[in-house]
$ cat my_file02.txt   # compact mmCIF, C-alpha atoms
# COMPACT_ATOMS: atom_id res chain seq x y z
CA MET A 1 0.00 0.00 0.00
CA MET A 2 1.29 3.47 -0.83
CA THR A 3 1.42 5.50 2.35
CA LYS A 4 2.39 9.13 2.84
CA THR A 5 2.23 11.22 6.00
CA ASN A 6 2.75 14.92 6.59
CA GLY A 7 6.50 14.71 6.83
CA GLY A 8 7.22 11.18 5.71
CA ALA A 9 8.26 9.57 2.45
CA PRO A 10 6.22 7.05 0.46
CA MET A 11 6.67 3.44 1.45
CA GLU A 12 5.72 0.60 -0.92
CA ALA A 13 4.90 -2.84 0.44
CA SER A 14 6.66 -5.44 -1.67
CA SER A 15 5.45 -8.78 -0.37
CA ALA A 16 4.36 -11.35 -2.95
CA GLY A 17 0.90 -11.56 -1.41
CA ARG A 18 0.39 -7.79 -1.59
CA ALA A 19 1.62 -7.70 -5.19
CA ALA A 20 -0.89 -10.38 -6.11
CA GLU A 21 -3.68 -8.41 -4.43
CA LEU A 22 -2.77 -5.27 -6.36
CA ALA A 23 -2.69 -7.22 -9.61
CA HIS A 24 -6.18 -8.51 -8.87
CA GLU A 25 -7.45 -5.02 -8.17
CA ARG A 26 -6.26 -3.94 -11.58
CA THR A 27 -7.17 -6.77 -13.92
CA ALA A 28 -8.83 -9.83 -12.38
CA HIS A 29 -12.44 -8.64 -12.57
CA GLU A 30 -15.00 -11.21 -13.53
CA GLY A 31 -18.75 -10.61 -13.70
CA ALA A 32 -19.32 -11.99 -10.21
CA GLN A 33 -22.31 -10.69 -8.28
CA LEU A 34 -20.25 -9.85 -5.20
CA HIS A 35 -16.62 -8.70 -5.20
CA HIS A 36 -14.50 -5.78 -4.05
CA HIS A 37 -16.85 -5.08 -1.16
CA HIS A 38 -19.85 -4.49 -3.43
CA THR A 39 -22.63 -6.18 -5.34
CA HIS A 40 -23.27 -5.41 -8.99
CA ALA A 41 -26.22 -3.85 -10.73
CA ALA A 42 -27.66 -5.49 -13.85
CA THR A 43 -25.78 -2.93 -15.98
CA SER A 44 -22.41 -3.24 -14.22
CA SER A 45 -19.55 -4.21 -16.51
CA HIS A 46 -15.76 -4.20 -16.42
CA GLY A 47 -14.58 -2.68 -19.69
CA GLY A 48 -10.97 -3.68 -20.21
CA GLY A 49 -11.17 -5.93 -17.15
CA HIS A 50 -11.28 -3.15 -14.58
CA HIS A 51 -13.43 -0.49 -12.95
CA LEU A 52 -13.55 2.98 -14.41
CA LEU A 53 -12.81 4.45 -10.97
CA GLN A 54 -11.70 2.40 -7.99
CA VAL A 55 -10.82 3.49 -4.46
CA GLU A 56 -9.35 0.94 -2.05
CA ASP A 57 -8.68 1.24 1.69
CA LEU A 58 -8.79 5.05 1.71
CA SER A 59 -8.09 6.62 5.11
CA VAL A 60 -7.84 10.34 5.86
CA SER A 61 -6.82 12.00 9.10
CA PHE A 62 -5.97 15.56 10.11
CA ARG A 63 -3.12 16.73 12.34
CA MET A 64 -4.72 19.07 14.90
CA TYR A 65 -3.99 20.70 18.23
CA ASP A 66 -5.75 19.50 21.34
CA GLU A 67 -8.60 21.97 21.78
CA GLY A 68 -9.00 21.12 25.45
CA ALA A 69 -5.42 21.99 26.41
CA PRO A 70 -4.09 25.45 27.37
CA TYR A 71 -3.20 27.52 24.31
CA PHE A 72 0.58 27.38 24.68
CA LYS A 73 0.66 23.80 25.93
CA ALA A 74 -1.62 22.17 23.36
CA LYS A 75 -0.08 19.14 21.69
CA GLN A 76 -0.84 17.87 18.21
CA HIS A 77 -2.80 14.70 17.61
CA ASP A 78 -4.35 12.94 14.62
CA VAL A 79 -8.10 12.99 14.10
CA GLN A 80 -9.21 10.28 11.69
CA VAL A 81 -12.20 11.20 9.52
CA LEU A 82 -12.25 8.52 6.80
CA HIS A 83 -11.04 4.98 7.43
CA GLU A 84 -10.51 2.00 5.13
CA LEU A 85 -13.04 3.27 2.61
CA SER A 86 -13.50 1.32 -0.62
CA ILE A 87 -15.77 2.23 -3.52
CA ALA A 88 -15.87 1.61 -7.28
CA VAL A 89 -17.60 3.08 -10.33
CA HIS A 90 -18.15 0.94 -13.44
CA ALA A 91 -18.36 2.35 -16.95
CA GLY A 92 -21.92 3.35 -17.80
CA GLU A 93 -23.21 3.69 -14.26
CA ILE A 94 -24.01 6.17 -11.52
CA VAL A 95 -22.91 5.31 -8.00
CA ALA A 96 -24.65 7.37 -5.33
CA VAL A 97 -22.86 7.98 -2.02
CA VAL A 98 -25.54 8.65 0.60
CA GLY A 99 -25.02 9.73 4.17
CA ALA A 100 -25.63 12.45 6.72
CA SER A 101 -24.59 16.02 5.94
CA GLY A 102 -21.18 16.79 7.41
CA SER A 103 -20.17 13.15 7.71
CA GLY A 104 -17.18 13.49 5.38
CA LYS A 105 -18.58 12.65 1.96
CA THR A 106 -16.90 15.70 0.42
CA LEU A 107 -13.54 14.39 1.66
CA LEU A 108 -14.07 11.38 -0.58
CA ALA A 109 -14.59 13.72 -3.53
CA ASP A 110 -11.43 15.61 -2.63
CA ALA A 111 -9.44 12.37 -2.43
CA VAL A 112 -10.54 11.36 -5.92
CA LEU A 113 -9.63 14.83 -7.20
CA GLY A 114 -6.30 14.84 -5.36
CA LEU A 115 -7.18 17.82 -3.16
CA PHE A 116 -6.34 18.01 0.54
CA GLU A 117 -5.48 20.45 3.27
CA PRO A 118 -1.80 20.72 4.28
CA ASN A 119 -2.45 19.00 7.62
CA ALA A 120 -4.03 15.93 6.02
CA THR A 121 -2.57 12.43 6.09
CA VAL A 122 -3.91 10.10 3.41
CA THR A 123 -3.37 6.40 2.78
CA GLY A 124 -4.91 4.02 0.27
CA ARG A 125 -5.01 3.34 -3.45
CA ILE A 126 -6.91 5.00 -6.31
CA TRP A 127 -7.20 3.55 -9.80
CA PHE A 128 -8.53 5.40 -12.84
CA ASP A 129 -9.47 3.44 -15.95
CA GLY A 130 -7.17 0.58 -14.93
CA GLU A 131 -4.15 2.75 -14.05
CA ARG A 132 -3.00 3.22 -10.49
CA MET A 133 -2.78 6.93 -9.68
CA ASP A 134 -0.22 8.76 -7.58
CA ALA A 135 -0.41 12.40 -6.47
CA ALA A 136 0.85 13.77 -9.77
CA GLY A 137 -1.48 11.53 -11.74
CA LEU A 138 -4.55 12.73 -9.84
CA ARG A 139 -3.56 16.35 -10.35
CA ALA A 140 -3.11 15.76 -14.07
CA LEU A 141 -6.56 14.17 -14.33
CA ARG A 142 -8.40 17.21 -12.98
CA GLY A 143 -9.98 18.81 -16.00
CA HIS A 144 -8.49 16.12 -18.25
CA GLY A 145 -10.69 13.06 -17.80
CA LEU A 146 -11.99 13.72 -14.29
CA SER A 147 -14.31 16.65 -13.60
CA LEU A 148 -16.22 18.08 -10.66
CA VAL A 149 -19.76 19.44 -10.46
CA PRO A 150 -19.64 21.41 -7.18
CA GLN A 151 -22.43 21.60 -4.67
CA SER A 152 -22.94 25.36 -4.93
CA VAL A 153 -23.59 27.69 -7.85
CA SER A 154 -21.52 30.22 -5.91
CA HIS A 155 -18.54 28.65 -7.68
CA LEU A 156 -19.55 30.67 -10.72
CA ASP A 157 -17.85 34.07 -10.97
CA PRO A 158 -20.61 36.69 -10.50
CA MET A 159 -18.64 39.27 -12.52
CA MET A 160 -18.08 37.14 -15.62
CA ARG A 161 -20.47 36.08 -18.38
CA VAL A 162 -21.22 32.38 -18.18
CA GLY A 163 -20.16 31.63 -21.75
CA LYS A 164 -16.60 32.78 -21.01
CA GLN A 165 -16.57 30.80 -17.77
CA VAL A 166 -17.56 27.57 -19.49
CA GLU A 167 -15.01 28.09 -22.26
CA GLY A 168 -12.30 28.59 -19.64
CA PHE A 169 -12.49 24.89 -18.74
CA ALA A 170 -10.93 23.77 -22.04
CA ASN A 171 -7.61 25.57 -22.36
CA ASP A 172 -6.19 22.76 -24.47
CA LEU A 173 -8.46 23.89 -27.31
CA SER A 174 -8.13 26.95 -29.50
CA LYS A 175 -10.46 29.89 -28.87
CA ALA A 176 -12.65 28.92 -31.82
CA GLU A 177 -12.78 25.27 -30.72
CA ARG A 178 -13.76 26.32 -27.20
CA LYS A 179 -16.65 28.41 -28.51
CA THR A 180 -17.83 25.53 -30.70
CA ARG A 181 -17.63 23.02 -27.86
CA ARG A 182 -19.49 25.36 -25.50
CA ALA A 183 -22.21 25.98 -28.09
CA GLN A 184 -22.64 22.23 -28.58
CA LEU A 185 -23.02 21.64 -24.84
CA PHE A 186 -25.47 24.53 -24.43
CA GLU A 187 -27.63 23.15 -27.23
CA ARG A 188 -27.46 19.67 -25.76
CA TYR A 189 -28.67 20.80 -22.34
CA GLY A 190 -31.33 23.21 -23.51
CA LEU A 191 -29.44 26.47 -23.04
CA GLY A 192 -29.97 28.95 -25.86
CA PRO A 193 -27.12 30.94 -27.47
CA GLU A 194 -28.25 34.04 -25.55
CA VAL A 195 -27.37 32.35 -22.23
CA ALA A 196 -23.67 32.76 -22.99
CA ARG A 197 -24.08 36.55 -22.57
CA LEU A 198 -25.78 36.29 -19.19
CA TYR A 199 -24.23 36.72 -15.77
CA PRO A 200 -24.79 34.06 -13.07
CA HIS A 201 -27.37 36.16 -11.19
CA GLU A 202 -29.50 36.24 -14.34
CA LEU A 203 -29.80 32.43 -14.45
CA SER A 204 -32.57 30.39 -12.90
CA GLY A 205 -31.55 27.65 -10.46
CA GLY A 206 -31.94 24.93 -13.08
CA MET A 207 -30.00 26.92 -15.71
CA ALA A 208 -27.14 27.54 -13.28
CA ARG A 209 -26.91 23.83 -12.51
CA ARG A 210 -26.72 23.05 -16.21
CA VAL A 211 -24.02 25.66 -16.72
CA LEU A 212 -21.99 23.93 -13.99
CA LEU A 213 -22.52 20.61 -15.75
CA CYS A 214 -21.34 22.15 -19.04
CA CYS A 215 -18.19 23.37 -17.24
CA ALA A 216 -17.49 19.79 -16.16
CA LEU A 217 -18.11 18.40 -19.65
CA MET A 218 -15.92 20.82 -21.58
CA ASP A 219 -12.94 18.45 -21.55
CA SER A 220 -15.02 15.33 -22.42
CA PRO A 221 -14.32 13.56 -19.09
CA ARG A 222 -14.73 9.86 -18.36
CA VAL A 223 -15.82 10.40 -14.74
CA ILE A 224 -17.81 13.20 -13.12
CA VAL A 225 -17.78 13.71 -9.36
CA ALA A 226 -21.05 15.46 -8.50
CA ASP A 227 -20.96 16.83 -4.95
CA GLU A 228 -24.51 17.54 -3.72
CA PRO A 229 -25.66 18.88 -7.13
CA THR A 230 -29.35 19.35 -6.28
CA PRO A 231 -29.71 21.42 -3.06
CA GLY A 232 -32.10 24.34 -3.40
CA LEU A 233 -33.87 22.83 -6.41
CA ASP A 234 -37.51 21.76 -6.36
CA LEU A 235 -38.25 18.12 -7.15
CA ASP A 236 -38.84 18.63 -10.88
CA LEU A 237 -35.59 20.55 -11.39
CA ALA A 238 -33.66 18.08 -9.23
CA VAL A 239 -34.94 15.14 -11.28
CA ARG A 240 -34.04 16.95 -14.52
CA ALA A 241 -30.53 17.63 -13.22
CA LEU A 242 -30.05 13.96 -12.34
CA ASP A 243 -31.39 12.96 -15.76
CA ASP A 244 -28.45 14.88 -17.25
CA PHE A 245 -26.05 12.69 -15.26
CA ARG A 246 -27.98 9.63 -16.38
CA ALA A 247 -27.52 10.61 -20.04
CA PHE A 248 -23.79 11.13 -19.44
CA ALA A 249 -23.41 7.71 -17.82
CA ASN A 250 -25.41 6.01 -20.57
CA GLU A 251 -22.69 7.05 -23.02
CA GLY A 252 -20.24 4.73 -21.26
CA ASN A 253 -18.96 7.17 -18.66
CA GLY A 254 -19.19 7.12 -14.87
CA VAL A 255 -20.68 9.37 -12.20
CA LEU A 256 -19.89 9.46 -8.48
CA LEU A 257 -22.97 11.19 -7.08
CA ILE A 258 -22.55 12.46 -3.51
CA THR A 259 -25.85 13.25 -1.83
CA HIS A 260 -27.80 13.04 1.42
CA ASP A 261 -31.09 12.60 -0.49
CA ILE A 262 -31.49 8.83 -0.74
CA GLU A 263 -34.89 9.11 -2.45
CA LEU A 264 -33.46 11.05 -5.39
CA ALA A 265 -30.43 8.75 -5.48
CA LEU A 266 -32.66 5.70 -5.87
CA ARG A 267 -34.40 7.36 -8.83
CA VAL A 268 -31.28 7.62 -10.98
CA ALA A 269 -28.40 5.56 -9.57
CA ASP A 270 -27.38 2.05 -10.58
CA ARG A 271 -25.74 1.35 -7.24
CA VAL A 272 -25.74 2.99 -3.81
CA ALA A 273 -22.82 3.29 -1.38
CA VAL A 274 -24.03 3.89 2.19
CA PHE A 275 -21.71 6.20 4.11
CA LYS A 276 -21.52 6.03 7.92
CA ASP A 277 -18.88 7.00 10.46
CA GLY A 278 -16.27 7.84 7.85
CA THR A 279 -16.50 4.75 5.66
CA VAL A 280 -18.74 2.91 3.20
CA VAL A 281 -20.62 0.25 5.17
CA GLU A 282 -22.41 -1.20 2.14
CA GLU A 283 -22.19 -0.78 -1.64
CA THR A 284 -25.05 -2.47 -3.44
CA ALA A 285 -27.33 -2.35 -6.45
CA THR A 286 -30.26 0.07 -6.29
CA ALA A 287 -32.55 -2.89 -6.92
CA SER A 288 -31.58 -4.27 -3.50
CA PHE A 289 -33.60 -1.47 -1.91
CA ALA A 290 -36.77 -3.15 -3.14
CA ASP A 291 -36.50 -5.57 -0.21
CA PRO A 292 -34.65 -4.97 3.09
CA GLY A 293 -33.79 -8.66 3.11
CA LEU A 294 -31.38 -7.97 0.22
CA LEU A 295 -29.46 -5.40 2.24
CA ARG A 296 -26.52 -6.71 4.23
CA HIS A 297 -25.71 -3.98 6.75
CA PRO A 298 -28.05 -3.11 9.66
CA PHE A 299 -27.66 0.64 9.08
CA THR A 300 -28.67 0.26 5.42
CA ARG A 301 -31.76 -1.63 6.49
CA GLU A 302 -32.56 1.16 8.96
CA LEU A 303 -32.34 3.67 6.11
CA TRP A 304 -34.75 1.52 4.09
CA HIS A 305 -37.28 1.41 6.92
CA ALA A 306 -36.95 5.18 7.44
CA LEU A 307 -37.99 6.05 3.86
CA PRO A 308 -41.39 7.80 3.58
CA GLU A 309 -42.96 5.00 1.54
CA HIS A 310 -42.19 2.67 4.44
CA ASP A 311 -43.96 4.97 6.91
CA PHE A 312 -40.72 5.95 8.65
CA ALA A 313 -40.82 2.65 10.53
CA ALA A 314 -37.85 1.78 12.73
CA GLY A 315 -37.52 -1.67 11.21
CA GLU A 316 -36.88 -5.11 12.67
CA GLY A 317 -34.05 -5.15 15.15
CA ALA A 318 -33.83 -1.37 14.96
CA GLY A 319 -36.64 -0.27 17.26
CA GLY A 320 -36.94 3.25 18.52
CA LYS A 321 -33.80 2.94 20.59
CA GLY A 322 -31.80 1.42 17.74
CA GLN A 323 -32.94 4.13 15.36
CA GLU A 324 -31.98 6.79 17.89
CA GLN A 325 -28.54 5.22 18.30
CA ALA A 326 -28.07 5.21 14.53
CA CYS A 327 -28.89 8.92 14.39
CA GLU A 328 -26.48 9.62 17.23
CA GLY A 329 -23.76 7.76 15.34
CA GLU A 330 -24.29 10.02 12.36
CA LYS A 331 -24.14 13.11 14.57
CA GLU A 332 -20.87 11.99 16.12
CA SER A 333 -19.33 11.43 12.70
CA ALA A 334 -20.10 15.01 11.66
CA SER A 335 -16.93 16.39 13.22
CA GLU A 336 -16.05 20.07 13.17
CA GLN A 337 -12.93 19.25 11.14
CA VAL A 338 -15.05 17.88 8.33
CA ARG A 339 -17.47 20.80 8.43
CA GLU A 340 -14.68 23.37 8.23
CA HIS A 341 -12.96 21.45 5.44
CA GLU A 342 -16.14 21.22 3.39
CA LYS A 343 -16.77 24.95 3.81
CA ALA A 344 -13.24 25.88 2.79
CA SER A 345 -12.81 23.34 0.00
CA SER A 346 -13.15 24.81 -3.49
CA PRO A 347 -11.69 22.46 -6.11
CA VAL A 348 -13.26 24.32 -9.04
CA PRO A 349 -10.74 26.53 -10.83
CA ALA A 350 -10.93 30.21 -9.98
CA GLN A 351 -12.32 32.03 -12.99
CA VAL A 352 -10.87 35.10 -14.66
CA ARG A 353 -12.36 38.30 -15.92
CA GLU A 354 -13.14 38.78 -19.59
CA GLY A 355 -10.07 39.45 -21.67
CA GLU A 356 -7.74 37.59 -19.30
CA GLU A 357 -6.21 34.20 -19.94
CA ALA A 358 -8.37 31.44 -18.48
CA PRO A 359 -6.79 29.05 -15.94
CA THR A 360 -5.97 25.46 -16.68
CA PRO A 361 -8.48 23.14 -14.98
CA ALA A 362 -5.71 20.74 -13.99
CA SER A 363 -4.20 23.42 -11.78
CA ALA A 364 -7.39 23.91 -9.79
CA GLY A 365 -7.22 24.05 -6.04
CA ALA A 366 -4.40 24.42 -3.57
CA GLY A 367 -2.73 21.81 -1.40
CA GLY A 368 -3.54 18.14 -1.46
CA PHE A 369 -1.09 15.39 -2.34
CA ASP A 370 1.61 18.04 -2.94
CA GLY A 371 5.00 17.02 -1.61
CA LYS A 372 4.87 16.65 2.14
CA GLU A 373 1.59 18.57 2.42
CA GLY A 374 -1.03 15.89 2.58
CA GLY A 375 -1.02 12.30 1.45
CA ALA A 376 -0.75 10.17 -1.65
CA CYS A 377 -2.63 7.16 -2.89
$ encode --input "my_file02.txt" --output "structure tokens"
Amino acid sequence: MMTKTNGGAPMEASSAGRAAELAHERTAHEGAQLHHHHTHAATSSHGGGHHLLQVEDLSVSFRMYDEGAPYFKAKQHDVQVLHELSIAVHAGEIVAVVGASGSGKTLLADAVLGLFEPNATVTGRIWFDGERMDAAGLRALRGHGLSLVPQSVSHLDPMMRVGKQVEGFANDLSKAERKTRRAQLFERYGLGPEVARLYPHELSGGMARRVLLCCALMDSPRVIVADEPTPGLDLDLAVRALDDFRAFANEGNGVLLITHDIELALRVADRVAVFKDGTVVEETATASFADPGLLRHPFTRELWHALPEHDFAAGEGAGGKGQEQACEGEKESASEQVREHEKASSPVPAQVREGEEAPTPASAGAGGFDGKEGGAC
């Protein structure tokens, strides 16, 4: 396993058993119903013998000072937020990550994008389209095969016309090619040519979401990480937004959809990864939610029983007390470190004013996997 701490150097395990395990992670993928910690959906496939995106044994901790100690005597300690998390996305599918707000789901998105705070320690392995990624590889993928749809439309520059902003996400193309690509995406997602001249405050909520999606699609990515893409939208607009991700996945691409809205996730996703206490406790096909008997983890079954169509029942073995304990577990996992990180994290490239050179998407964000600041997978 590749491990990197704040001040340490990478260390590679070289045992024969570990090498065999890594080889299996990369190529030995048969169409079995259950493997790599998850069950398959009917549409799951392993193009080229591997997952499109694969995360194995991801752990994230933060080096922090003891808040309870006197100011000048406080010692540093590690606070673990994610631990031994594994998740995979197949070509042509949407995998929804569901869990409580503030429980660390955005940290998973940051890990995939190679973005972390300087005080982060990260261990684990990340594969993209069959290739194992290191820190430099993840940075290079941002805006070049791997794109983010952020959770807030505030990521759009309020002082810049949206057409220029979208075009700024494809610096590898000429100016004319960028305009053509942007026009194609606008037409595809029902945005008229006049929208390019508008400022973000002139867009409706649904239009702004589609502009963010066009930003992510400018470089023709293979995987989109969508971090809470539907807050603030009514049901109709939220469903339409998720339909756009469905169309993208149906073209043979992958979507990692991070959300706390399990009802919407079940409408569009092929598989669901249930997030609790900093890890994925179950990763299963959406069809498994038709019957709680098909769900393996007690917390997943509690979520099933808590859905409105099941009358918010506590469920067998999870009576009122059990349900209350489950909620408390979610509250405990929502640490202040995660909340502050999610507020501060902004992996979308900063935009430029009209007439200035647009930034390269691959250079988006600061920190994370860089040298001794943060970890590496």
$ atom_distance --input "my_file02.txt" --atom1 "CA of Glu251 in chain A" --atom2 "CA of Asp270 in chain A"
14.2 Å
$ atom_distance --input "my_file02.txt" --atom1 "CA of Leu191 in chain A" --atom2 "CA of Met159 in chain A"
19.8 Å
$ atom_distance --input "my_file02.txt" --atom1 "CA of Thr106 in chain A" --atom2 "CA of Thr121 in chain A"
15.8 Å
$ closest_residue --input "my_file02.txt" --among "A:Ala69, A:Ala306, A:Val223, A:Val281" --to "Ala249 in chain A" --atoms "only C-alpha atoms"
A:Val223
$ axis_aligned_box --input "my_file02.txt" --around "range 266-270 of chain A" --padding-each-side "3 Å" --output "JSON"
{"center_x": -30.9, "center_y": 4.8, "center_z": -8.4, "size_x": 13.0, "size_y": 11.6, "size_z": 11.1}
$ residues_around --input "my_file02.txt" --residues "range 226-243 of chain A" --least-positions-apart "2" --cutoff "6 Å" --atoms "all atoms listed in the file" --output "list in words"
Leu148, Val149, Pro150, Gln151, Gly206, Phe245, Arg246, Leu257, Ile258 and Thr259 of chain A
$ closest_residue --input "my_file02.txt" --among "A:Pro193, A:Gly293, A:Gly278, A:Gly254" --to "Ala91 in chain A" --atoms "all atoms listed in the file"
A:Gly254
$ closest_residue --input "my_file02.txt" --among "A:Pro221, A:Pro292, A:Gly205, A:Gly104" --to "Asp129 in chain A" --atoms "only C-alpha atoms"
A:Pro221
$ closest_atom_pairs --input "my_file02.txt" --of "range 98-144 of chain A" --to "range 75-82 of chain A" --cutoff "10 Å" --atoms "all atoms listed in the file" --output "CSV"
residue,atom,partner,partner_atom,distance
A:Ser103,CA,A:Val81,CA,8.4
A:Gly104,CA,A:Val81,CA,6.9
A:Lys105,CA,A:Leu82,CA,9.0
A:Leu107,CA,A:Leu82,CA,7.9
A:Leu108,CA,A:Leu82,CA,8.1
A:Asn119,CA,A:Asp78,CA,9.5
A:Ala120,CA,A:Asp78,CA,9.1
A:Thr121,CA,A:Asp78,CA,8.7
A:Val122,CA,A:Leu82,CA,9.1
A:Thr123,CA,A:Leu82,CA,10.0
$ closest_residue --input "my_file02.txt" --among "A:Val162, A:Val112, A:Leu294, A:Leu173" --to "Asp219 in chain A" --atoms "all atoms listed in the file"
A:Leu173
$ residues_near_point --input "my_file02.txt" --point "(-24.1, 1.0, -7.9)" --cutoff "7 Å" --atoms "all atoms listed in the file" --output "PyMOL selection string"
chain A and resi 40-41+93-96+269-272+283-286
$ residues_around --input "my_file02.txt" --residues "Val98 in chain A" --least-positions-apart "2" --cutoff "6 Å" --atoms "all atoms listed in the file" --output "list in words"
Thr259, His260, Val274 and Phe275 of chain A
$ write_last_selection --input "my_file02.txt" --atoms "C-alpha atoms" --output "compact mmCIF listing (two decimals), keeping the file's coordinate frame"
# COMPACT_ATOMS: atom_id res chain seq x y z
CA THR A 259 -25.85 13.25 -1.83
CA HIS A 260 -27.80 13.04 1.42
CA VAL A 274 -24.03 3.89 2.19
CA PHE A 275 -21.71 6.20 4.11
$ closest_residue --input "my_file02.txt" --among "A:Leu256, A:Ala136, A:Leu198, A:Ala265" --to "Gln54 in chain A" --atoms "all atoms listed in the file"
A:Leu256
$ closest_residue --input "my_file02.txt" --among "A:Val97, A:Asp261, A:Glu117, A:Gly190" --to "Leu307 in chain A" --atoms "all atoms listed in the file"
A:Asp261
